[in-house]
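K.L.:
Here you go, one structure.
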Amino acid sequence: MRRLAIPLIALLLVSCGPKNPIPTTQQTSLQRVIVLNAAVAKANLALTQTAQTLNTSGVLTVPQTRTVLTISLHVAQTSDTIRVLTSGPGDWPSIAAGVTKALNDLGLTARITAAGLTNQQLVAAVNGVAAAVALIQAEVSR
Amino acid sequence: MSLAILINIITSALQLAPLAISTVNGIRDLLSKDPHVPVELAAILASTETDNAAALAGIQRWMLEHPVGQ
């Protein structure tokens with residue numbers, strides 16, 4: 001029995017020991033903007049789908065849906081502009097300036113305020129987009 | 001606003017769009033390991049492009065089905 005116990009204990013100790021860490025890299029601002037821009041695109045796609053679903057179910061009228069989809073359209077175009085900016089050549093200051101201009105041109109907060117959304121599902125969806133946009137703005141303002 | 005709050009907001013919004021959840025989980029996993037994250041930039045850029053293209057296509061299709069004045 002003792003003959004078996006020692007190798008078993010040794011095996012247990014080895015298996016509980018430190019594992020090789022997964023290789024990681026320190027994120028740069030550029031990388032963080034790329035990740036957050038993916039979040040913007042994903043949240044915006046959800047906003048689009050939510051608006052269409054609410055329209056189909058009769059919760060949103062056609063004009064109301066058109067208002068939301070117009071916001072979503074501009075967000076998608078801005079997100080694509082940021083994708084191009086962040087995937088091309090150029091130093092970080094010039095990329096950050098380009099992203100800042102794109103976000104200023106979008107004017108998301110003013111668009112959302114003007115839309116006067118009240119449906120809770122829509123508000124949650126648009127908040128997701130706005131939060132991701134705000135984080136990109138914070139990243140490029142550092 | 002913290003990344004955790006952002007992810008919660010996005011996740012709750014995306015519960016309305018279940019098909020999008022798997023990709024969001026990927027983004028959430030990346031951000032949750034901040035600041036030391038293995039960032040697969042090419043894949044993230046590709047997902048951004050795909051999501052934007054899907055949103056634009058969906059909007060265009062809906063607008064055609066619901067012309068102004070309808």
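Identifiers for the structure tokens are assigned positionally: chains receive A, B, ... in sequence, residues are indexed from 1 per chain, and ligands are indexed from 1 in the order shown.
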May I have the residues within 8 Å of range 53-68 of chain A as a ChimeraX atom specification, using only C-alpha atoms and disregarding those fewer than 2 positions away in the same chain?

P.N.:
/A:48-51,70-72,115 /B:63,66,70

K.L.:
Could those selected residues go to a file with all heavy atoms, as an mmCIF file, in the first residue's frame?

P.N.:
data_model
loop_
_atom_site.group_PDB
_atom_site.id
_atom_site.type_symbol
_atom_site.label_atom_id
_atom_site.label_comp_id
_atom_site.auth_asym_id
_atom_site.auth_seq_id
_atom_site.Cartn_x
_atom_site.Cartn_y
_atom_site.Cartn_z
ATOM 1 N N THR A 48 -30.126 47.150 -33.931
ATOM 2 C CA THR A 48 -30.847 47.024 -35.207
ATOM 3 C C THR A 48 -31.883 45.901 -35.133
ATOM 4 O O THR A 48 -33.049 46.080 -35.508
ATOM 5 C CB THR A 48 -29.842 46.722 -36.341
ATOM 6 O OG1 THR A 48 -28.884 47.774 -36.396
ATOM 7 C CG2 THR A 48 -30.530 46.602 -37.674
ATOM 8 N N GLN A 49 -31.443 44.754 -34.633
ATOM 9 C CA GLN A 49 -32.340 43.599 -34.562
ATOM 10 C C GLN A 49 -33.485 43.843 -33.585
ATOM 11 O O GLN A 49 -34.618 43.435 -33.825
ATOM 12 C CB GLN A 49 -31.531 42.361 -34.160
ATOM 13 C CG GLN A 49 -30.537 41.941 -35.240
ATOM 14 C CD GLN A 49 -29.534 40.899 -34.763
ATOM 15 O OE1 GLN A 49 -29.253 40.806 -33.573
ATOM 16 N NE2 GLN A 49 -29.000 40.122 -35.686
ATOM 17 N N THR A 50 -33.178 44.524 -32.492
ATOM 18 C CA THR A 50 -34.212 44.824 -31.493
ATOM 19 C C THR A 50 -35.288 45.724 -32.088
ATOM 20 O O THR A 50 -36.488 45.485 -31.917
ATOM 21 C CB THR A 50 -33.585 45.506 -30.263
ATOM 22 O OG1 THR A 50 -32.592 44.648 -29.711
ATOM 23 C CG2 THR A 50 -34.631 45.796 -29.200
ATOM 24 N N ALA A 51 -34.850 46.777 -32.793
ATOM 25 C CA ALA A 51 -35.807 47.707 -33.397
ATOM 26 C C ALA A 51 -36.703 46.984 -34.392
ATOM 27 O O ALA A 51 -37.927 47.191 -34.426
ATOM 28 C CB ALA A 51 -35.051 48.847 -34.084
ATOM 29 N N THR A 70 -31.983 54.763 -38.153
ATOM 30 C CA THR A 70 -31.116 55.835 -38.662
ATOM 31 C C THR A 70 -29.933 56.037 -37.705
ATOM 32 O O THR A 70 -28.790 56.225 -38.144
ATOM 33 C CB THR A 70 -31.915 57.146 -38.821
ATOM 34 O OG1 THR A 70 -32.997 56.920 -39.728
ATOM 35 C CG2 THR A 70 -31.035 58.260 -39.367
ATOM 36 N N ILE A 71 -30.213 55.987 -36.408
ATOM 37 C CA ILE A 71 -29.125 56.055 -35.422
ATOM 38 C C ILE A 71 -28.175 54.876 -35.639
ATOM 39 O O ILE A 71 -26.945 55.032 -35.704
ATOM 40 C CB ILE A 71 -29.687 56.010 -33.982
ATOM 41 C CG1 ILE A 71 -30.486 57.265 -33.675
ATOM 42 C CG2 ILE A 71 -28.549 55.854 -32.965
ATOM 43 C CD1 ILE A 71 -31.200 57.232 -32.323
ATOM 44 N N SER A 72 -28.758 53.686 -35.777
ATOM 45 C CA SER A 72 -27.958 52.476 -35.958
ATOM 46 C C SER A 72 -27.114 52.551 -37.232
ATOM 47 O O SER A 72 -25.958 52.113 -37.254
ATOM 48 C CB SER A 72 -28.894 51.261 -36.002
ATOM 49 O OG SER A 72 -28.169 50.077 -35.969
ATOM 50 N N ALA A 115 -34.114 61.375 -30.207
ATOM 51 C CA ALA A 115 -35.015 60.266 -30.531
ATOM 52 C C ALA A 115 -36.069 60.072 -29.446
ATOM 53 O O ALA A 115 -37.172 59.596 -29.724
ATOM 54 C CB ALA A 115 -34.208 58.980 -30.716
ATOM 55 N N MET B 63 -35.507 49.201 -44.645
ATOM 56 C CA MET B 63 -35.904 50.482 -45.254
ATOM 57 C C MET B 63 -36.601 50.236 -46.593
ATOM 58 O O MET B 63 -37.572 50.918 -46.946
ATOM 59 C CB MET B 63 -34.672 51.375 -45.462
ATOM 60 C CG MET B 63 -34.021 51.873 -44.178
ATOM 61 S SD MET B 63 -35.048 53.008 -43.238
ATOM 62 C CE MET B 63 -33.887 53.574 -41.995
ATOM 63 N N HIS B 66 -40.060 49.067 -45.955
ATOM 64 C CA HIS B 66 -40.924 50.075 -45.306
ATOM 65 C C HIS B 66 -40.579 51.459 -45.842
ATOM 66 O O HIS B 66 -39.938 52.255 -45.152
ATOM 67 C CB HIS B 66 -40.748 50.056 -43.786
ATOM 68 C CG HIS B 66 -41.060 48.733 -43.168
ATOM 69 N ND1 HIS B 66 -40.166 47.689 -43.153
ATOM 70 C CD2 HIS B 66 -42.185 48.278 -42.563
ATOM 71 C CE1 HIS B 66 -40.731 46.649 -42.537
ATOM 72 N NE2 HIS B 66 -41.941 46.982 -42.187
ATOM 73 N N GLN B 70 -45.189 55.122 -45.742
ATOM 74 C CA GLN B 70 -46.020 53.930 -45.547
ATOM 75 C C GLN B 70 -46.864 54.048 -44.289
ATOM 76 O O GLN B 70 -46.372 54.547 -43.299
ATOM 77 C CB GLN B 70 -45.124 52.695 -45.447
ATOM 78 C CG GLN B 70 -45.925 51.411 -45.280
ATOM 79 C CD GLN B 70 -45.017 50.222 -45.124
ATOM 80 O OE1 GLN B 70 -43.865 50.273 -45.542
ATOM 81 N NE2 GLN B 70 -45.507 49.166 -44.510
#

K.L.:
Excluding same-chain residues fewer than 4 positions from Val126 in chain A, what lies within 7 Å of it counting only C-alpha atoms, as a PyMOL selection string?

P.N.:
chain A and resi 47+122+130

K.L.:
Deliver the residues from the most recent selection as a file, using C-alpha atoms, as a compact mmCIF listing (two decimals), in the first residue's frame.

P.N.:
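Okay, this is what ended up in part_18.txt:
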# COMPACT_ATOMS: atom_id res chain seq x y z
CA LEU A 47 -29.93 47.49 -31.55
CA LEU A 122 -34.61 49.83 -26.92
CA ALA A 130 -23.47 54.44 -26.03

K.L.:
Residues of chain A within 8 Å of chain B, counting only C-alpha atoms - could you list those as JSON, numbers by chain?

P.N.:
{"A": [23, 24, 25, 26, 27, 31, 34, 35, 37, 38, 39, 41, 42, 43, 44, 45, 46, 47, 48, 49, 50, 52, 62, 66, 69, 72, 73, 76, 77, 79, 80, 83, 87, 121, 124, 125, 126, 127, 128, 129, 131, 132, 135]}

K.L.:
What is the CA of Ile82 in chain A-CA of Val133 in chain A distance in Å, reported with one decimal?

P.N.:
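Between CA of Ile82 in chain A and CA of Val133 in chain A the gap works out to 11.0 Å.
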
K.L.:
As a VMD selection string, list the residues of chain A assigned to alpha helix (DSSP H) by DSSP on the backbone atoms of this structure.

P.N.:
chain A and resid 2 to 16 29 to 56 62 to 87 92 to 106 108 to 115 120 to 140

K.L.:
Could you tell me how far CA of Asn119 in chain A lies from CA of Val75 in chain A, in Å and to one decimal?

P.N.:
19.6 Å

K.L.:
With only C-alpha atoms as the basis for distance, which of A:Thr100, A:Thr118, A:Thr86, A:Thr78 is at the shortest distance from Glu139 in chain A?

P.N.:
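Comparing A:Thr100, A:Thr118, A:Thr86, A:Thr78 against Glu139 in chain A, the winner is A:Thr100.
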
K.L.:
Any idea what the distance is between CA of Val140 in chain A and CA of Ala96 in chain A?

P.N.:
5.1 Å
